[in-house]
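Peer 1: Just dropping this structure here.
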Amino acid sequence: MADTGTTSGTGTAGKNTDGTTTDAASAQVRPRRKIGEGPGRLIVSLYGLFTVAAGSRSIYQLIAQFHRAPLSYVLSAVAAVVYAFILVTLVRGGESARRIGIVCCAAELAGVLIVGTLTIVTPSLFHDQTVWSYYGVDYLLIPLALPVTGILWLRRAAPGKDETA
């Protein structure tokens, strides 16, 4: 039997068996967005890829080449940790994970902007490239675009948002 899209007459907001939610005031059925569905899957995939890429690169550099450029390699490791943390929040889902993800994406964007600017203004600080050097130009500027895209997606995926919002 098909779900009618209403809760069992309680008069309060509720969640239906099909994952939609109802609003008591308007009795409209609103689809509940999941963070990792639709375009969110691409974002999750990119964060997974960057977690592995930045993590493996920084682990090798910290073990084998730390003496050459310690600041650069530590910053790459920090980037990998940030990517991993965002990946976990995206995969975990839920409202608290969404909020934490927005904060982490904002911190990632700040890191990209700060490190990117420092590599242009004072390149002598960096004896080797980091993931965020020159705003991620070695990675097709994806490190610059990814947190912006992540923030936009996480804000759009907020519960209670209409499809048209």
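Labels for the structure tokens follow display order: chains A, B, ..., residues from 1 in each chain, ligands from 1.
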Write out as a PyMOL selection string each polymer residue whose atoms come within 10 Å of range 58-73 of chain A, counting only C-alpha atoms; drop sequence neighbours fewer than 2 positions from it.
Peer 2: chain A and resi 52-56+75-80+115+125-133
Peer 1: Output N, CA, C and O atoms for every residue in the selection just made, as a short mmCIF file (atom, residue, chain, number, x, y, z; two decimals), in the first residue's frame.
Peer 2:
data_model
loop_
_atom_site.label_atom_id
_atom_site.label_comp_id
_atom_site.auth_asym_id
_atom_site.auth_seq_id
_atom_site.Cartn_x
_atom_site.Cartn_y
_atom_site.Cartn_z
N VAL A 52 43.13 10.54 0.34
CA VAL A 52 44.15 9.54 0.01
C VAL A 52 45.37 10.20 -0.63
O VAL A 52 46.52 9.91 -0.26
N ALA A 53 45.14 11.10 -1.59
CA ALA A 53 46.26 11.74 -2.30
C ALA A 53 47.12 12.58 -1.36
O ALA A 53 48.34 12.42 -1.31
N ALA A 54 46.48 13.47 -0.61
CA ALA A 54 47.24 14.34 0.29
C ALA A 54 47.84 13.54 1.44
O ALA A 54 48.97 13.80 1.87
N GLY A 55 47.11 12.55 1.93
CA GLY A 55 47.60 11.74 3.03
C GLY A 55 48.81 10.91 2.65
O GLY A 55 49.82 10.91 3.36
N SER A 56 48.73 10.21 1.53
CA SER A 56 49.86 9.36 1.13
C SER A 56 51.08 10.21 0.77
O SER A 56 52.21 9.86 1.12
N LEU A 75 52.03 21.11 6.49
CA LEU A 75 50.80 21.70 5.95
C LEU A 75 50.05 20.72 5.05
O LEU A 75 48.82 20.68 5.05
N SER A 76 50.76 19.93 4.28
CA SER A 76 50.11 18.90 3.46
C SER A 76 49.44 17.84 4.34
O SER A 76 48.36 17.36 4.03
N ALA A 77 50.09 17.50 5.44
CA ALA A 77 49.48 16.55 6.38
C ALA A 77 48.23 17.14 7.03
O ALA A 77 47.23 16.44 7.20
N VAL A 78 48.30 18.41 7.38
CA VAL A 78 47.12 19.10 7.95
C VAL A 78 45.98 19.09 6.93
O VAL A 78 44.82 18.82 7.28
N ALA A 79 46.30 19.35 5.67
CA ALA A 79 45.28 19.32 4.62
C ALA A 79 44.65 17.93 4.53
O ALA A 79 43.42 17.80 4.42
N ALA A 80 45.46 16.89 4.62
CA ALA A 80 44.93 15.52 4.55
C ALA A 80 44.00 15.23 5.72
O ALA A 80 42.94 14.61 5.54
N VAL A 115 47.40 29.86 2.81
CA VAL A 115 48.61 29.23 2.27
C VAL A 115 48.84 29.67 0.83
O VAL A 115 49.97 29.96 0.43
N LEU A 125 59.15 30.94 2.28
CA LEU A 125 58.68 30.13 3.42
C LEU A 125 58.50 28.67 3.04
O LEU A 125 58.57 27.79 3.89
N PHE A 126 58.24 28.44 1.76
CA PHE A 126 57.89 27.10 1.31
C PHE A 126 58.98 26.58 0.37
O PHE A 126 59.11 27.06 -0.75
N HIS A 127 59.71 25.60 0.84
CA HIS A 127 60.79 25.03 0.04
C HIS A 127 60.30 23.92 -0.88
O HIS A 127 61.07 23.38 -1.65
N ASP A 128 59.03 23.58 -0.77
CA ASP A 128 58.40 22.61 -1.65
C ASP A 128 56.91 22.93 -1.67
O ASP A 128 56.41 23.66 -0.81
N GLN A 129 56.20 22.36 -2.62
CA GLN A 129 54.78 22.63 -2.78
C GLN A 129 53.96 21.91 -1.70
O GLN A 129 54.33 20.82 -1.26
N THR A 130 52.85 22.51 -1.31
CA THR A 130 51.86 21.85 -0.47
C THR A 130 50.63 21.62 -1.33
O THR A 130 50.55 22.10 -2.47
N VAL A 131 49.67 20.92 -0.79
CA VAL A 131 48.41 20.72 -1.51
C VAL A 131 47.75 22.07 -1.79
O VAL A 131 47.14 22.27 -2.84
N TRP A 132 47.91 23.01 -0.87
CA TRP A 132 47.24 24.30 -0.99
C TRP A 132 48.12 25.40 -1.59
O TRP A 132 47.69 26.54 -1.71
N SER A 133 49.36 25.10 -2.00
CA SER A 133 50.24 26.10 -2.61
C SER A 133 49.61 26.69 -3.86
O SER A 133 49.04 25.96 -4.67
#
Peer 1: With only C-alpha atoms as the counted atoms, please give the residues lying no more than 10 Å from Ile100 in chain A, apart from itself and same-chain residues fewer than 2 positions off, as a PDB file with N, CA and C atoms, in the first residue's frame.
Peer 2:
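Written output follows (part01.pdb):
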ATOM      1  N   PHE A  85      38.521  14.529   7.787  1.00  0.00           N
ATOM      2  CA  PHE A  85      37.471  14.912   8.729  1.00  0.00           C
ATOM      3  C   PHE A  85      36.197  15.306   7.983  1.00  0.00           C
ATOM      4  N   ILE A  86      36.344  16.082   6.922  1.00  0.00           N
ATOM      5  CA  ILE A  86      35.182  16.467   6.124  1.00  0.00           C
ATOM      6  C   ILE A  86      34.552  15.237   5.483  1.00  0.00           C
ATOM      7  N   THR A  89      32.401  13.463   8.020  1.00  0.00           N
ATOM      8  CA  THR A  89      31.138  14.154   8.295  1.00  0.00           C
ATOM      9  C   THR A  89      30.168  14.003   7.136  1.00  0.00           C
ATOM     10  N   LEU A  90      30.668  14.021   5.907  1.00  0.00           N
ATOM     11  CA  LEU A  90      29.794  13.855   4.748  1.00  0.00           C
ATOM     12  C   LEU A  90      29.210  12.452   4.690  1.00  0.00           C
ATOM     13  N   GLU A  95      22.253  16.093  10.915  1.00  0.00           N
ATOM     14  CA  GLU A  95      22.301  17.543  11.098  1.00  0.00           C
ATOM     15  C   GLU A  95      23.582  18.007  11.777  1.00  0.00           C
ATOM     16  N   SER A  96      24.019  17.312  12.826  1.00  0.00           N
ATOM     17  CA  SER A  96      25.251  17.751  13.504  1.00  0.00           C
ATOM     18  C   SER A  96      26.459  17.581  12.590  1.00  0.00           C
ATOM     19  N   ALA A  97      26.498  16.496  11.828  1.00  0.00           N
ATOM     20  CA  ALA A  97      27.601  16.294  10.882  1.00  0.00           C
ATOM     21  C   ALA A  97      27.580  17.358   9.798  1.00  0.00           C
ATOM     22  N   ARG A  98      26.393  17.762   9.362  1.00  0.00           N
ATOM     23  CA  ARG A  98      26.276  18.805   8.349  1.00  0.00           C
ATOM     24  C   ARG A  98      26.842  20.119   8.875  1.00  0.00           C
ATOM     25  N   ILE A 102      30.209  22.108   7.495  1.00  0.00           N
ATOM     26  CA  ILE A 102      30.259  23.506   7.043  1.00  0.00           C
ATOM     27  C   ILE A 102      31.415  24.238   7.700  1.00  0.00           C
ATOM     28  N   VAL A 103      31.576  24.041   9.000  1.00  0.00           N
ATOM     29  CA  VAL A 103      32.680  24.694   9.730  1.00  0.00           C
ATOM     30  C   VAL A 103      34.027  24.209   9.191  1.00  0.00           C
ATOM     31  N   CYS A 104      34.145  22.908   8.961  1.00  0.00           N
ATOM     32  CA  CYS A 104      35.404  22.352   8.446  1.00  0.00           C
ATOM     33  C   CYS A 104      35.699  22.832   7.031  1.00  0.00           C
ATOM     34  N   CYS A 105      34.670  22.923   6.189  1.00  0.00           N
ATOM     35  CA  CYS A 105      34.871  23.450   4.830  1.00  0.00           C
ATOM     36  C   CYS A 105      35.311  24.906   4.876  1.00  0.00           C
ATOM     37  N   ALA A 106      34.739  25.674   5.805  1.00  0.00           N
ATOM     38  CA  ALA A 106      35.156  27.075   5.953  1.00  0.00           C
ATOM     39  C   ALA A 106      36.608  27.154   6.419  1.00  0.00           C
ATOM     40  N   LEU A 154      26.248  21.614   1.434  1.00  0.00           N
ATOM     41  CA  LEU A 154      25.811  21.350   2.802  1.00  0.00           C
ATOM     42  C   LEU A 154      24.716  22.318   3.239  1.00  0.00           C
TER      43      LEU A 154
END
Peer 1: To one decimal in Å, tell me the separation between CA of Ala157 in chain A and CA of Arg99 in chain A.
Peer 2: 10.7 Å
Peer 1: What are the DSSP helix (DSSP H, G or I) residues of range 21-160 of chain A, as a ChimeraX atom specification?
Peer 2: /A:39-64,70-92,95-121,123-125,133-139,142-156
Peer 1: Report, in Å to a single decimal, how far apart CA of Val81 in chain A and CA of Leu152 in chain A are.
Peer 2: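 These atoms are spaced 21.2 Å apart.
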Peer 1: Out of A:Ile151, A:Leu144, A:Ala158, A:Ile43, which residue has the shortest atom-to-atom distance to Ile114 in chain A when counting only C-alpha atoms?
Peer 2: A:Leu144
Peer 1: Measure the distance from CA of Glu108 in chain A to CA of Pro147 in chain A in Å and round it to one decimal.
Peer 2: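 Rounded to one decimal, the two atoms are 6.4 Å apart.
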Peer 1: For Ala145 in chain A, please output as number ranges by chain all residues within 10 Å (counting only C-alpha atoms; exclusion window: fewer than 4 positions along the same chain).
Peer 2: A: 109, 112, 135-136, 140-141, 149-150
Peer 1: Hey, which of A:Leu113, A:Leu146, A:Ile120, A:Val74 ends up closest to Val44 in chain A? Count only C-alpha atoms.
Peer 2: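 Closest candidate: A:Leu146.
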